[in-house]
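entry12.csv (CSV, C-alpha atoms and all ligand atoms) appears below.
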chain,number,residue,atom,x,y,z
A,1,MET,CA,94.1,101.9,109.0
A,2,ASN,CA,90.4,102.3,108.5
A,3,ALA,CA,89.1,100.1,105.7
A,4,THR,CA,87.6,103.0,103.7
A,5,VAL,CA,90.7,105.1,104.0
A,6,HIS,CA,92.8,102.1,102.8
A,7,GLN,CA,90.5,101.4,99.9
A,8,LEU,CA,90.5,105.0,98.7
A,9,LEU,CA,94.2,105.4,99.0
A,10,ASN,CA,94.7,102.2,97.1
A,11,GLN,CA,92.3,103.3,94.4
A,12,GLN,CA,94.1,106.6,94.1
A,13,ILE,CA,97.2,104.8,92.9
A,14,ASN,CA,95.1,103.8,89.9
A,15,LYS,CA,93.5,107.2,89.4
A,16,GLU,CA,96.9,108.9,89.3
A,17,PHE,CA,98.2,106.4,86.8
A,18,TYR,CA,95.1,107.0,84.7
A,19,SER,CA,95.8,110.7,84.9
A,20,ALA,CA,99.3,110.0,83.6
A,21,TYR,CA,97.7,108.0,80.7
A,22,LEU,CA,95.2,110.7,80.0
A,23,TYR,CA,97.9,113.4,79.8
A,24,LEU,CA,100.1,111.2,77.6
A,25,GLU,CA,97.1,111.0,75.3
A,26,PHE,CA,96.8,114.8,75.4
A,27,SER,CA,100.6,115.1,74.7
A,28,ASN,CA,100.3,112.8,71.7
A,29,TYR,CA,97.3,114.8,70.4
A,30,PHE,CA,99.3,118.0,70.5
A,31,LYS,CA,102.3,116.3,68.9
A,32,SER,CA,100.1,115.2,66.1
A,33,GLN,CA,99.0,118.8,65.7
A,34,ASP,CA,102.7,120.0,65.5
A,35,LEU,CA,102.4,121.9,68.8
A,36,ASP,CA,105.5,120.4,70.4
A,37,GLY,CA,105.4,122.9,73.3
A,38,PHE,CA,101.9,121.9,74.4
A,39,ALA,CA,103.0,118.2,73.9
A,40,ASN,CA,105.9,118.8,76.2
A,41,TRP,CA,103.8,120.5,78.8
A,42,TYR,CA,101.4,117.5,79.0
A,43,PHE,CA,104.3,115.0,78.8
A,44,ILE,CA,105.7,116.6,81.9
A,45,GLN,CA,102.3,116.6,83.5
A,46,ALA,CA,102.1,112.9,82.9
A,47,GLN,CA,105.4,112.4,84.7
A,48,GLU,CA,104.0,114.4,87.7
A,49,GLU,CA,100.9,112.1,87.7
A,50,ARG,CA,103.1,109.0,87.8
A,51,ASP,CA,104.9,110.6,90.7
A,52,HIS,CA,101.6,111.1,92.5
A,53,ALA,CA,100.7,107.4,92.0
A,54,MET,CA,104.1,106.4,93.4
A,55,LEU,CA,103.5,108.6,96.5
A,56,PHE,CA,100.3,106.8,97.3
A,57,TYR,CA,102.0,103.5,96.6
A,58,THR,CA,104.9,104.3,98.9
A,59,TYR,CA,102.6,105.7,101.6
A,60,LEU,CA,100.7,102.4,101.8
A,61,GLN,CA,103.9,100.4,101.8
A,62,ASN,CA,105.3,102.6,104.6
A,63,GLU,CA,102.1,102.0,106.6
A,64,ASP,CA,102.5,98.2,106.0
A,65,MET,CA,99.2,98.0,104.2
A,66,PRO,CA,98.4,95.7,101.3
A,67,ILE,CA,98.4,97.2,97.8
A,68,THR,CA,96.2,95.9,94.9
A,69,LEU,CA,97.2,97.2,91.5
A,70,GLU,CA,94.1,97.3,89.1
A,71,ALA,CA,94.0,97.6,85.3
A,72,ILE,CA,94.4,101.2,84.1
A,73,ASP,CA,91.5,102.3,81.9
A,74,LYS,CA,91.9,103.4,78.3
A,75,PRO,CA,91.8,107.3,78.3
A,76,ASN,CA,88.2,108.3,77.7
A,77,PHE,CA,88.3,111.3,75.5
A,78,GLU,CA,87.0,112.2,72.0
A,79,TRP,CA,89.3,114.7,70.2
A,80,VAL,CA,87.5,117.8,68.9
A,81,ASP,CA,90.0,120.7,69.0
A,82,HIS,CA,92.8,122.3,71.1
A,83,MET,CA,90.4,124.2,73.4
A,84,THR,CA,88.3,121.1,74.1
A,85,THR,CA,91.4,119.3,75.2
A,86,LEU,CA,92.5,122.1,77.5
A,87,GLU,CA,89.0,122.2,79.0
A,88,ALA,CA,89.0,118.5,79.5
A,89,GLY,CA,92.2,118.9,81.5
A,90,LEU,CA,90.6,121.3,83.9
A,91,THR,CA,87.5,119.1,84.2
A,92,HIS,CA,89.8,116.1,85.0
A,93,GLU,CA,91.7,118.1,87.7
A,94,LYS,CA,88.5,119.1,89.4
A,95,TYR,CA,87.5,115.5,89.4
A,96,VAL,CA,90.8,114.5,91.0
A,97,THR,CA,90.4,117.3,93.6
A,98,SER,CA,87.0,115.7,94.5
A,99,LEU,CA,88.8,112.3,94.9
A,100,ILE,CA,91.5,113.8,97.2
A,101,ASN,CA,88.8,115.6,99.2
A,102,ALA,CA,86.9,112.3,99.6
A,103,ILE,CA,90.0,110.5,101.0
A,104,TYR,CA,90.6,113.5,103.3
A,105,GLU,CA,87.1,113.3,104.6
A,106,ALA,CA,87.4,109.6,105.3
A,107,ALA,CA,90.7,110.1,107.0
A,108,TYR,CA,89.2,113.0,109.1
A,109,ASP,CA,86.2,110.9,110.1
A,110,SER,CA,88.5,108.1,111.3
A,111,ARG,CA,90.9,110.4,113.0
A,112,ASP,CA,93.8,109.2,110.8
A,113,PHE,CA,96.0,112.2,111.5
A,114,ARG,CA,99.0,110.7,109.6
A,115,ALA,CA,96.9,110.2,106.5
A,116,MET,CA,95.6,113.8,106.8
A,117,GLN,CA,99.1,115.1,107.0
A,118,PHE,CA,100.1,113.1,103.9
A,119,LEU,CA,97.1,114.3,102.1
A,120,ASP,CA,97.7,118.0,102.9
A,121,TRP,CA,100.4,118.1,100.2
A,122,PHE,CA,97.8,116.8,97.7
A,123,VAL,CA,95.2,119.3,98.7
A,124,LYS,CA,97.7,122.1,97.9
A,125,GLU,CA,98.9,120.4,94.8
A,126,GLN,CA,95.3,120.1,93.4
A,127,GLY,CA,94.9,123.9,93.9
A,128,GLU,CA,98.0,124.5,91.8
A,129,GLU,CA,97.0,122.0,89.2
A,130,GLU,CA,93.5,123.5,88.8
A,131,THR,CA,95.2,127.0,88.5
A,132,ASN,CA,97.6,125.7,85.8
A,133,ALA,CA,94.8,124.1,83.8
A,134,ARG,CA,92.8,127.3,84.0
A,135,ASP,CA,95.8,129.4,83.0
A,136,LEU,CA,96.3,127.3,79.9
A,137,ILE,CA,92.6,127.9,78.9
A,138,SER,CA,93.0,131.7,79.5
A,139,LYS,CA,96.2,131.9,77.5
A,140,PHE,CA,94.7,129.9,74.6
A,141,LYS,CA,91.6,132.2,74.6
A,142,LEU,CA,93.9,135.2,74.4
A,143,PHE,CA,96.5,133.9,72.0
A,144,GLY,CA,95.2,130.7,70.3
A,145,ASN,CA,93.6,132.3,67.3
A,146,ASP,CA,96.6,134.3,66.1
A,147,PRO,CA,99.3,132.1,64.5
A,148,LYS,CA,102.2,134.3,65.7
A,149,SER,CA,100.9,134.4,69.3
A,150,LEU,CA,100.2,130.7,69.2
A,151,TYR,CA,103.8,130.1,68.1
A,152,MET,CA,105.0,132.2,71.1
A,153,LEU,CA,102.7,130.4,73.5
A,154,ASN,CA,103.9,127.0,72.2
A,155,GLN,CA,107.5,128.2,72.8
A,156,GLU,CA,106.6,129.2,76.4
A,157,LEU,CA,105.1,125.7,77.1
A,158,ALA,CA,108.2,124.1,75.5
A,159,ALA,CA,110.3,125.5,78.3
A,160,ARG,CA,108.5,123.6,81.0
A,161,VAL,CA,110.9,121.1,82.7
A,162,TYR,CA,110.3,118.2,84.9
A,163,SER,CA,111.1,118.5,88.6
A,164,ALA,CA,110.5,115.8,91.2
A,165,PRO,CA,107.7,116.3,93.7
A,166,SER,CA,108.5,118.3,96.8
A,167,LEU,CA,106.9,115.6,99.0
A,168,VAL,CA,109.4,112.9,100.0
A,169,LEU,CA,108.2,109.8,101.9
B,201,LIG,FE1,97.6,114.0,90.4
B,201,LIG,FE2,96.7,116.2,88.4
B,201,LIG,O1,96.4,115.3,90.0

Could you write out this structure as structure tokens?
Amino acid sequence: MNATVHQLLNQQINKEFYSAYLYLEFSNYFKSQDLDGFANWYFIQAQEERDHAMLFYTYLQNEDMPITLEAIDKPNFEWVDHMTTLEAGLTHEKYVTSLINAIYEAAYDSRDFRAMQFLDWFVKEQGEEETNARDLISKFKLFGNDPKSLYMLNQELAARVYSAPSLVL
């Protein structure tokens, strides 16, 4: 495996675990605000991020490449209000998309077709995650300022259930 591709794939394990940490922080914030549905939504999002980390981990293991686990950063976010939190989620997903694209570019440059095929799932997943983050912002803009509507939105988000990733290695 090309050294840059290897380094970026290894680094992505850490980035995905950091995403899980960040969303656990979001979940805890909403829990503290008595919005259990929002808390549930981000708790499940954190589980998905952990799954993403494990997919990168397993991919490197399957390729017989060394793995270095680095320290996970403390979530870097100042709580302001609900909307700022939702917007930070979208900003973070766009950042993760840029990371996936950078790995894809390195894999493309080194003609690592297997890595490209593995990363295809993440390219699609990032599109979905950005859409989900954008949808939350749109819904909060529409319904967040009316207590009854916020209650209904919170109920909707409480219904999100965890499902394992569709990518199996
Ligand atoms: Fe694993 Fe939300 O990107």

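With all atoms listed in the file as the basis for measurement, A:Asp51 is the residue among A:Glu25, A:Asp81, A:Asp112, A:Asp51 that approaches ligand LIG 201 (chain B) most closely.
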
Next item on the list: Check every protein, DNA and RNA residue against ligand LIG 201 (chain B), keep those with an atom at most 7 Å away (counting only C-alpha atoms and all ligand atoms), and present them as an MDAnalysis selection string.
Entry: chainID A and resid 16 19 48:49 52 93 96 126 129

Check: Near Arg50 (chain A), counting only C-alpha atoms, which residues have an atom at most 8 Å away, once you skip same-chain residues fewer than 4 positions from it, shown as a PyMOL selection string?
Finding: chain A and resi 16-17+20+46+54

Which residues of region 68-164 of chain A sit at most 9 Å from region 26-30 of chain A, using all atoms listed in the file? Give each one's shortest atom pair and distance in Å (one decimal place), in chain and ascending residue order, as CSV.
residue,atom,partner,partner_atom,distance
A:Trp79,CA,A:Tyr29,CA,8.0
A:His82,CA,A:Phe30,CA,7.8
A:Thr85,CA,A:Phe26,CA,7.0
A:Leu86,CA,A:Phe26,CA,8.7
A:Gly89,CA,A:Phe26,CA,8.7

Checklist line | Between CA of Ile137 (chain A) and CA of Ser163 (chain A), distance in Å (one decimal) | finding: 22.9 Å

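Going from CA of Lys139 (chain A) over to CA of Glu78 (chain A), you cover 22.4 Å.
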
Notebook entry, point to check: Pick from A:Tyr18, A:Tyr23, A:Phe118, A:Phe38: nearest to Met152 (chain A), with only C-alpha atoms counted?
Noted result: A:Phe38

Starting from the incomplete input, reconstruct all heavy atoms of region 144-155 of chain A and write that as a short mmCIF file (atom, residue, chain, number, x, y, z; two decimals), in the coordinates of the input.
data_model
loop_
_atom_site.label_atom_id
_atom_site.label_comp_id
_atom_site.auth_asym_id
_atom_site.auth_seq_id
_atom_site.Cartn_x
_atom_site.Cartn_y
_atom_site.Cartn_z
N GLY A 144 95.33 131.95 71.17
CA GLY A 144 95.20 130.70 70.30
C GLY A 144 94.80 130.97 68.91
O GLY A 144 95.08 130.13 68.04
N ASN A 145 94.13 132.09 68.65
CA ASN A 145 93.60 132.30 67.30
C ASN A 145 94.52 133.05 66.35
O ASN A 145 94.23 133.18 65.17
CB ASN A 145 92.22 132.97 67.36
CG ASN A 145 91.18 132.05 67.96
OD1 ASN A 145 91.20 130.84 67.71
ND2 ASN A 145 90.32 132.60 68.80
N ASP A 146 95.62 133.55 66.91
CA ASP A 146 96.60 134.30 66.10
C ASP A 146 97.84 133.43 65.92
O ASP A 146 98.47 133.07 66.91
CB ASP A 146 96.92 135.61 66.76
CG ASP A 146 98.08 136.30 66.07
OD1 ASP A 146 97.97 136.56 64.86
OD2 ASP A 146 99.11 136.53 66.74
N PRO A 147 98.21 133.05 64.69
CA PRO A 147 99.30 132.10 64.50
C PRO A 147 100.63 132.55 65.17
O PRO A 147 101.31 131.73 65.77
CB PRO A 147 99.49 132.07 62.97
CG PRO A 147 98.15 132.46 62.43
CD PRO A 147 97.57 133.42 63.42
N LYS A 148 100.96 133.85 65.11
CA LYS A 148 102.20 134.30 65.70
C LYS A 148 102.17 134.16 67.24
O LYS A 148 103.14 133.75 67.88
CB LYS A 148 102.50 135.76 65.34
CG LYS A 148 103.09 135.90 63.95
CD LYS A 148 103.44 137.35 63.67
CE LYS A 148 103.72 137.53 62.19
NZ LYS A 148 103.56 138.91 61.75
N SER A 149 101.02 134.54 67.81
CA SER A 149 100.90 134.40 69.30
C SER A 149 100.86 132.98 69.71
O SER A 149 101.42 132.63 70.75
CB SER A 149 99.57 135.11 69.71
OG SER A 149 99.57 136.45 69.30
N LEU A 150 100.23 132.13 68.91
CA LEU A 150 100.20 130.70 69.20
C LEU A 150 101.59 130.12 69.21
O LEU A 150 101.96 129.29 70.05
CB LEU A 150 99.26 129.96 68.26
CG LEU A 150 99.13 128.44 68.49
CD1 LEU A 150 98.59 128.14 69.89
CD2 LEU A 150 98.21 127.82 67.43
N TYR A 151 102.39 130.59 68.25
CA TYR A 151 103.80 130.10 68.10
C TYR A 151 104.54 130.51 69.43
O TYR A 151 105.25 129.67 70.02
CB TYR A 151 104.46 130.79 66.93
CG TYR A 151 105.92 130.43 66.79
CD1 TYR A 151 106.30 129.22 66.22
CD2 TYR A 151 106.92 131.29 67.24
CE1 TYR A 151 107.64 128.87 66.10
CE2 TYR A 151 108.26 130.96 67.13
CZ TYR A 151 108.62 129.75 66.55
OH TYR A 151 109.94 129.42 66.44
N MET A 152 104.34 131.75 69.91
CA MET A 152 105.00 132.20 71.10
C MET A 152 104.54 131.40 72.35
O MET A 152 105.34 131.02 73.21
CB MET A 152 104.75 133.69 71.38
CG MET A 152 105.25 134.61 70.30
SD MET A 152 107.05 134.60 70.16
CE MET A 152 107.50 135.60 71.56
N LEU A 153 103.24 131.15 72.41
CA LEU A 153 102.70 130.40 73.50
C LEU A 153 103.26 128.96 73.52
O LEU A 153 103.64 128.40 74.56
CB LEU A 153 101.16 130.36 73.46
CG LEU A 153 100.43 129.54 74.53
CD1 LEU A 153 100.80 129.99 75.95
CD2 LEU A 153 98.90 129.65 74.33
N ASN A 154 103.33 128.39 72.32
CA ASN A 154 103.90 127.00 72.20
C ASN A 154 105.35 127.02 72.65
O ASN A 154 105.77 126.08 73.33
CB ASN A 154 103.78 126.61 70.71
CG ASN A 154 104.14 125.16 70.51
OD1 ASN A 154 103.55 124.28 71.13
ND2 ASN A 154 105.12 124.91 69.67
N GLN A 155 106.09 128.08 72.34
CA GLN A 155 107.50 128.20 72.80
C GLN A 155 107.57 128.26 74.30
O GLN A 155 108.44 127.66 74.92
CB GLN A 155 108.14 129.46 72.19
CG GLN A 155 108.36 129.42 70.71
CD GLN A 155 109.40 128.38 70.29
OE1 GLN A 155 109.04 127.28 69.89
NE2 GLN A 155 110.67 128.70 70.41
#
